[in-house]
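Inspection log for the structure reproduced underneath, given as structure tokens.
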2 protein chains.
Amino acid sequence: MTGNVRFGVAVHVLVMLALEEGARTSTGIAASVNTNPVVIRRILGLLQAAGLVRGHTGAGGGFELARWPENVSLAQVFRAVEADGPAPPAHRPNRKCPVGRHVSAVLASIGTQAERAFLASLARHTLADAVARVRREAGAELS
Amino acid sequence: MTGNVRFGVAVHVLVMLALEEGARTSTGIAASVNTNPVVIRRILGLLQAAGLVRGHTGAGGGFELARWPENVSLAQVFRAVEADGPAPPAHRPNRKCPVGRHVSAVLASIGTQAERAFLASLARHTLADAVARVRREAGAELS
DNA sequence: TCATCTGTAACCATCGTTGTTACGGGGGAG
DNA sequence: CTCCCCCGTAACAACGATGGTTACAGATGA
């Protein structure tokens with residue numbers, strides 16, 4: 001796999017938790033996502049730091065949502081798990097080039113604006129929306 | 001350097017070409033951007049394939065804009081040099097998980113929408129806008 | 001003819017991400 | 001109180017993408 005798959009995994013797991021479907025331990029979740037339990041714990045650790053999820057150690061432990069799905073926007077999820085924004089990072093122009101000295105600021109401004117548009121689009125969807133769509137498409141397959 | 005710096009470099013170079021400021025050969029441009037001539041030729045090759053730039057081989061050759069800066073949107077530049085969109089790629093859920101089988105489609109739909117918002121934001125700026133902003137900030141430093 | 005410049009291929013170094021193992025520590029079940 | 005069970009993390013290997021670098025063929029104007 002290449003690149004950051006964390007956002008997709010995060011939404012996948014959150015939907016599972018919201019549906020209270022199947023396993024809620026990192027091992028069980030990992031099986032559903034097709035990856036390693038540690039990867040799941042890492043991602044859920046980020047979501048926990050963002051206050052979207054709670055983890056419980058000890059026997060009978062596992063993960064649960066920390067908020068109602070209606071109160072979780074996908075933009076929050078994105079920000080929680082993706083350190084860098086969607087825009088590519090800036091380059092390091094030669095300071096002796098008059099253009100180079102000033103393009104960066106212009107580029108940053110435009111990039112920030114585009115990232116805001118990206119996140120604003122994600123913010124229009126809540127976890128509850130995603131759950132509803134999955135439930136509709138999955139139909140009777142869910143418990 | 002980390003990540004894709006191509007978009008930043010592309011805008012930088014296009015602004016230089018639009019200003020007809022300094023060198024227009026890959027070697028000269030590379031010096032201004034602080035990188036290797038081949039890197040510049042690679043990026044300008046992409047821009048050329050997108051019809052934004054023309055390259056001329058042979059002695060006295062170099063690069064020039066293929067369109068007026070007013071007719072080049074930054075979204076076109078982004079698409080020309082960044083193969084992947086701004087959204088992270090999808091993961092590969094276990095098909096045995098009822099959630100996994102259906103999250104992908106939902107995720108793709110939401111991701112596509114967010115990418116469109118990102119590009120739409122970039123599309124609001126033309127190369128001419130960027131040039132004007134650089135020129136304003138650079139002031140008398142430019143020829 | 002010759003110097004110059006693009007267009008590419010090939011290769012290496014580097015870095016971020018994921019996958020994996022290992023282990024400490026918390027916490028309920030019995 | 002004693003086991004398991006499960007999270008939290010560190011450490012490391014594997015992999016892929018990217019940028020940097022060298023080298024060379026081909027085009028082109030002087």
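Labeling convention for the structure tokens: chains A, B, ... as they appear, residues from 1 per chain, ligands from 1 in order of appearance.
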message: Could you list, as a VMD selection string, every residue within 12 Å of segment 80-86 of chain A, counting only C-alpha atoms (C1' of nucleotides) and ignoring same-chain residues fewer than 3 positions away?
response: (chain A and resid 3 to 11 40 42 to 53 72 to 77 89 to 90 111 to 119 122) or (chain B and resid 2 to 4 82 84 to 89 111 114 to 115 117 to 119) or (chain C and resid 16 to 17)
Since we have the selection now, will you write its residues out, keeping C-alpha atoms (C1' of nucleotides), as an mmCIF file, in the first residue's frame?
data_model
loop_
_atom_site.group_PDB
_atom_site.id
_atom_site.type_symbol
_atom_site.label_atom_id
_atom_site.label_comp_id
_atom_site.auth_asym_id
_atom_site.auth_seq_id
_atom_site.Cartn_x
_atom_site.Cartn_y
_atom_site.Cartn_z
ATOM 1 C CA GLY A 3 0.335 6.753 0.913
ATOM 2 C CA ASN A 4 -1.970 7.443 3.819
ATOM 3 C CA VAL A 5 -4.795 5.039 4.154
ATOM 4 C CA ARG A 6 -5.506 6.195 7.668
ATOM 5 C CA PHE A 7 -8.511 8.326 6.849
ATOM 6 C CA GLY A 8 -10.264 5.475 5.122
ATOM 7 C CA VAL A 9 -9.491 3.072 7.921
ATOM 8 C CA ALA A 10 -10.596 5.593 10.511
ATOM 9 C CA VAL A 11 -13.987 6.094 8.892
ATOM 10 C CA ILE A 40 -5.609 -0.184 14.379
ATOM 11 C CA ARG A 42 -2.292 3.529 16.307
ATOM 12 C CA ILE A 43 -5.155 5.013 14.350
ATOM 13 C CA LEU A 44 -7.610 4.684 17.213
ATOM 14 C CA GLY A 45 -5.007 6.275 19.422
ATOM 15 C CA LEU A 46 -5.138 9.350 17.206
ATOM 16 C CA LEU A 47 -8.920 9.346 17.282
ATOM 17 C CA GLN A 48 -8.799 9.008 21.039
ATOM 18 C CA ALA A 49 -6.464 11.977 21.337
ATOM 19 C CA ALA A 50 -8.996 13.922 19.304
ATOM 20 C CA GLY A 51 -11.737 12.911 21.722
ATOM 21 C CA LEU A 52 -13.708 10.908 19.190
ATOM 22 C CA VAL A 53 -13.192 7.502 20.754
ATOM 23 C CA VAL A 72 -18.679 13.850 14.600
ATOM 24 C CA SER A 73 -17.864 15.487 11.284
ATOM 25 C CA LEU A 74 -15.628 13.768 8.786
ATOM 26 C CA ALA A 75 -13.430 16.845 8.775
ATOM 27 C CA GLN A 76 -12.683 16.179 12.423
ATOM 28 C CA VAL A 77 -11.787 12.625 11.551
ATOM 29 C CA PRO A 89 4.096 20.923 0.960
ATOM 30 C CA ALA A 90 6.040 23.945 -0.197
ATOM 31 C CA GLY A 111 -2.913 26.450 -0.666
ATOM 32 C CA THR A 112 -4.475 27.277 2.671
ATOM 33 C CA GLN A 113 -7.597 28.461 0.938
ATOM 34 C CA ALA A 114 -7.863 25.246 -1.046
ATOM 35 C CA GLU A 115 -7.347 23.138 2.059
ATOM 36 C CA ARG A 116 -10.115 24.996 3.781
ATOM 37 C CA ALA A 117 -12.402 24.227 0.879
ATOM 38 C CA PHE A 118 -11.421 20.578 1.108
ATOM 39 C CA LEU A 119 -12.115 20.360 4.826
ATOM 40 C CA LEU A 122 -15.731 16.982 4.459
ATOM 41 C CA THR B 2 9.473 15.299 1.699
ATOM 42 C CA GLY B 3 6.291 14.874 -0.290
ATOM 43 C CA ASN B 4 5.316 16.410 -3.585
ATOM 44 C CA GLU B 82 0.135 15.950 -9.347
ATOM 45 C CA ASP B 84 -2.868 11.741 -7.357
ATOM 46 C CA GLY B 85 -5.553 14.039 -6.100
ATOM 47 C CA PRO B 86 -5.289 15.749 -2.735
ATOM 48 C CA ALA B 87 -7.383 13.100 -0.985
ATOM 49 C CA PRO B 88 -5.677 10.092 0.534
ATOM 50 C CA PRO B 89 -6.014 6.786 -1.315
ATOM 51 C CA GLY B 111 -13.524 11.946 -1.186
ATOM 52 C CA ALA B 114 -13.873 17.042 -1.357
ATOM 53 C CA GLU B 115 -11.325 16.880 -4.145
ATOM 54 C CA ALA B 117 -13.963 21.456 -3.757
ATOM 55 C CA PHE B 118 -10.185 21.610 -3.501
ATOM 56 C CA LEU B 119 -9.700 21.970 -7.230
ATOM 57 C "C1'" DG C 16 7.197 8.321 5.111
ATOM 58 C "C1'" DT C 17 4.101 4.675 5.795
#
Can you write out as JSON lines which residues of chain C fall within 9 Å of chain A, alongside each residue's closest atom pair and its distance in Å to one decimal, counting only C-alpha atoms (C1' of nucleotides) and ordering rows by chain and ascending residue number?
{"residue": "C:DG16", "atom": "C1'", "partner": "A:Gly3", "partner_atom": "CA", "distance": 8.2}
{"residue": "C:DT17", "atom": "C1'", "partner": "A:Gly3", "partner_atom": "CA", "distance": 6.5}
{"residue": "C:DT18", "atom": "C1'", "partner": "A:Met1", "partner_atom": "CA", "distance": 7.4}
{"residue": "C:DG19", "atom": "C1'", "partner": "A:Asn36", "partner_atom": "CA", "distance": 6.7}
{"residue": "C:DT20", "atom": "C1'", "partner": "A:Asn36", "partner_atom": "CA", "distance": 7.8}
{"residue": "C:DG26", "atom": "C1'", "partner": "A:Gly58", "partner_atom": "CA", "distance": 5.7}
{"residue": "C:DG27", "atom": "C1'", "partner": "A:Gly58", "partner_atom": "CA", "distance": 4.2}
{"residue": "C:DG28", "atom": "C1'", "partner": "A:Ala59", "partner_atom": "CA", "distance": 5.4}
{"residue": "C:DA29", "atom": "C1'", "partner": "A:Ala59", "partner_atom": "CA", "distance": 8.2}
At a cut-off of 9 Å, can you tabulate as JSON lines every residue of chain D near chain A together with its closest atom pair and the distance in Å to one decimal, using only C-alpha atoms (C1' of nucleotides) and ordering rows by chain then number?
{"residue": "D:DC4", "atom": "C1'", "partner": "A:Ala59", "partner_atom": "CA", "distance": 7.3}
{"residue": "D:DC5", "atom": "C1'", "partner": "A:Ala59", "partner_atom": "CA", "distance": 4.1}
{"residue": "D:DC6", "atom": "C1'", "partner": "A:Gly58", "partner_atom": "CA", "distance": 5.0}
{"residue": "D:DC7", "atom": "C1'", "partner": "A:Thr57", "partner_atom": "CA", "distance": 4.7}
{"residue": "D:DG8", "atom": "C1'", "partner": "A:Arg41", "partner_atom": "CA", "distance": 8.0}
{"residue": "D:DC15", "atom": "C1'", "partner": "A:Met1", "partner_atom": "CA", "distance": 8.3}
{"residue": "D:DG16", "atom": "C1'", "partner": "A:Thr2", "partner_atom": "CA", "distance": 6.3}
{"residue": "D:DA17", "atom": "C1'", "partner": "A:Thr2", "partner_atom": "CA", "distance": 7.9}
Selection export as a compact mmCIF listing (two decimals), in the first residue's frame, atoms kept: N, CA and C atoms (P, O5', C5', C4', C3', O3' and C1' of nucleotides):
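Output file again.txt is given in full below:
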# COMPACT_ATOMS: atom_id res chain seq x y z
P DC D 4 -4.02 -18.76 32.86
O5' DC D 4 -4.75 -18.18 31.59
C5' DC D 4 -4.51 -16.86 31.20
C4' DC D 4 -5.82 -16.14 30.87
C3' DC D 4 -5.81 -15.51 29.50
O3' DC D 4 -7.10 -15.57 28.94
C1' DC D 4 -5.95 -13.83 31.18
P DC D 5 -7.24 -15.38 27.34
O5' DC D 5 -7.68 -13.85 27.16
C5' DC D 5 -8.87 -13.40 27.79
C4' DC D 5 -8.89 -11.88 27.79
C3' DC D 5 -8.53 -11.27 26.43
O3' DC D 5 -9.50 -10.29 26.12
C1' DC D 5 -7.23 -10.31 28.15
P DC D 6 -9.79 -9.92 24.58
O5' DC D 6 -9.15 -8.47 24.49
C5' DC D 6 -9.70 -7.43 25.28
C4' DC D 6 -8.69 -6.33 25.43
C3' DC D 6 -8.03 -5.90 24.12
O3' DC D 6 -8.38 -4.57 23.81
C1' DC D 6 -6.47 -6.08 25.92
P DC D 7 -7.84 -3.80 22.49
O5' DC D 7 -7.10 -2.54 23.14
C5' DC D 7 -7.78 -1.77 24.10
C4' DC D 7 -6.80 -0.97 24.94
C3' DC D 7 -6.00 0.07 24.16
O3' DC D 7 -5.87 1.24 24.95
C1' DC D 7 -4.52 -1.44 25.22
P DG D 8 -5.31 2.59 24.24
O5' DG D 8 -3.76 2.50 24.54
C5' DG D 8 -3.31 2.75 25.85
C4' DG D 8 -1.79 2.84 25.87
C3' DG D 8 -1.19 3.71 24.74
O3' DG D 8 -0.16 4.50 25.30
C1' DG D 8 -0.26 1.53 24.66
P DC D 15 9.68 -6.45 0.86
O5' DC D 15 8.97 -5.09 0.45
C5' DC D 15 7.72 -4.76 1.03
C4' DC D 15 7.30 -3.37 0.59
C3' DC D 15 7.78 -3.03 -0.82
O3' DC D 15 6.64 -2.88 -1.66
C1' DC D 15 8.17 -1.23 0.71
P DG D 16 6.78 -2.50 -3.19
O5' DG D 16 6.45 -0.94 -3.16
C5' DG D 16 5.39 -0.48 -2.32
C4' DG D 16 5.26 1.03 -2.45
C3' DG D 16 5.52 1.55 -3.85
O3' DG D 16 4.59 2.59 -4.14
C1' DG D 16 7.10 2.48 -2.35
P DA D 17 4.62 3.31 -5.55
O5' DA D 17 5.04 4.79 -5.12
C5' DA D 17 4.39 5.40 -4.01
C4' DA D 17 5.00 6.77 -3.73
C3' DA D 17 5.26 7.59 -5.00
O3' DA D 17 4.94 8.95 -4.73
C1' DA D 17 7.29 7.24 -3.81
- request: Just the strand (DSSP E or B) stuff from segment 2-115 of chain A, please, per backbone DSSP, written as JSON, numbers by chain.
  value: {"A": [53, 54, 55, 56, 62, 63, 64, 65, 73]}
With C-alpha atoms kept, could you save the residues just selected as a PDB file, in the first residue's frame?
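The file below, result_23.pdb, is the result:
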ATOM      1  CA  VAL A  53     -13.192   7.502  20.754  1.00  0.00           C
ATOM      2  CA  ARG A  54     -12.404   5.899  24.074  1.00  0.00           C
ATOM      3  CA  GLY A  55     -10.168   2.877  24.627  1.00  0.00           C
ATOM      4  CA  HIS A  56     -10.441   0.588  27.621  1.00  0.00           C
ATOM      5  CA  GLY A  62     -11.928  -2.472  23.624  1.00  0.00           C
ATOM      6  CA  PHE A  63     -13.054   0.717  21.952  1.00  0.00           C
ATOM      7  CA  GLU A  64     -16.244   2.725  21.901  1.00  0.00           C
ATOM      8  CA  LEU A  65     -17.382   6.017  20.453  1.00  0.00           C
ATOM      9  CA  SER A  73     -17.864  15.487  11.284  1.00  0.00           C
TER      10      SER A  73
END
